[in-house]
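K.L.:
Have a look at this one.
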Amino acid sequence: MPEHRVFFALQPDAQATERIAAVTADARRRHGLIGKPTPATRLHLSLNVVGGFRGPPPRAAIDKAASAVAGVSARPFVIALNRVESWQGDPHPLVLTGEEGLIGASALHATLHKALRAVEMAPRREPELSAHIALLWDRREAPAEFVEPVTWTVREFVLIDSVLGEGRHEVLGRWPLA
């Protein structure tokens, strides 16, 4: 039975997705990476973990998480990712990340944590957010380098069920920012 990981995330819009594909292709070419790029339908920036489950997540857990964030109020914000780098691992994930362009994502992460904590679905202490989009995994390491920023206006956050080992993501819910 496959393992499922359920989490809140941000998904890039169509233009950002195209730009991410170009950044990934350029990094592969310049650094001799052979890892398969993350499919466009699975590109995301993880925010808050709801849980890991052996088999499909229980409906009660999904409903509880959805109910917890239903009242979350946040304004749309622009996200900007301007650095590509390999992180530790075997294979190494090649990620797109940034600094100042992630302030809105960090604020939303904190707001969601507070909402999930109120229903005992998050630890008391807020986990640190290492905001990034995984581009691919490769045995080779690529050096950290700046790229032209990939930006989009975040207008919603989603709840994703990721089926590990199957490369499948199912969006379980969407919440608009207003």
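Labeling convention for the structure tokens: chains A, B, ... as they appear, residues from 1 per chain, ligands from 1 in order of appearance.
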Extract, using only C-alpha atoms, all DNA, RNA and protein residues at most 12 Å from segment 143-148 of chain A, discarding same-chain residues fewer than 3 positions from it, and format them as a VMD selection string.

P.N.:
chain A and resid 16 19 to 20 22 to 24 26 to 28 30 to 33 80 to 88 92 to 99 140 151

K.L.:
Can you check which parts of segment 4-35 of chain A lie within 12 Å of segment 63-73 of chain A? Per residue, the shortest pair of atoms and distance in Å to one decimal, counting only C-alpha atoms, sorted by chain and number, as a tab-separated table.

P.N.:
```
residue	atom	partner	partner_atom	distance
A:Val6	CA	A:Ala65	CA	9.9
A:Phe7	CA	A:Ala65	CA	9.5
A:Phe8	CA	A:Ala65	CA	9.4
```

K.L.:
Next, dump the selected residues to file, keeping only C-alpha atoms, as a short mmCIF file (atom, residue, chain, number, x, y, z; two decimals), in the first residue's frame.

P.N.:
```cif
data_model
loop_
_atom_site.label_atom_id
_atom_site.label_comp_id
_atom_site.auth_asym_id
_atom_site.auth_seq_id
_atom_site.Cartn_x
_atom_site.Cartn_y
_atom_site.Cartn_z
CA VAL A 6 -0.72 15.50 2.75
CA PHE A 7 0.36 19.14 2.83
CA PHE A 8 -0.65 22.71 2.04
#
```

K.L.:
Using only C-alpha atoms, find each residue in segment 17-56 of chain A having at least one atom no more than 7 Å away from segment 114-132 of chain A; report its shortest atom-to-atom pair and that distance in Å (one decimal), rows by chain then rising number, as JSON lines.

P.N.:
```
{"residue": "A:Leu45", "atom": "CA", "partner": "A:His132", "partner_atom": "CA", "distance": 5.6}
{"residue": "A:Ser46", "atom": "CA", "partner": "A:Ala131", "partner_atom": "CA", "distance": 6.8}
{"residue": "A:Val50", "atom": "CA", "partner": "A:Met121", "partner_atom": "CA", "distance": 6.7}
```

K.L.:
Could you write out the selected residues, including N, CA and C atoms, as a CSV table (one decimal), in the first residue's frame?

P.N.:
```csv
chain,number,residue,atom,x,y,z
A,45,LEU,N,5.3,24.7,-4.1
A,45,LEU,CA,6.1,25.1,-3.0
A,45,LEU,C,5.4,24.7,-1.7
A,46,SER,N,5.9,23.8,-1.0
A,46,SER,CA,5.3,23.2,0.2
A,46,SER,C,5.2,24.3,1.3
A,50,VAL,N,0.3,18.3,6.8
A,50,VAL,CA,-0.9,17.8,7.6
A,50,VAL,C,-0.5,16.5,8.2
```

K.L.:
Can you work out which one of A:Ile79, A:Ala14, A:Leu43, A:Ile34 has the shortest atom-to-atom distance to Arg168 of chain A, counting only C-alpha atoms?

P.N.:
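Looking only at the distances to Arg168 of chain A, the closest residue turns out to be A:Leu43.
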
K.L.:
Run DSSP on the backbone and give me the residues of segment 10-169 of chain A it puts in strand (DSSP E), as a VMD selection string.

P.N.:
chain A and resid 10 45 to 54 77 to 86 92 to 97 133 to 138 145 to 154 156 to 163 168 to 169

K.L.:
As a ChimeraX atom specification, please: every residue in chain A that DSSP puts in alpha helix (DSSP H).

P.N.:
/A:14-31,59-69,103-118
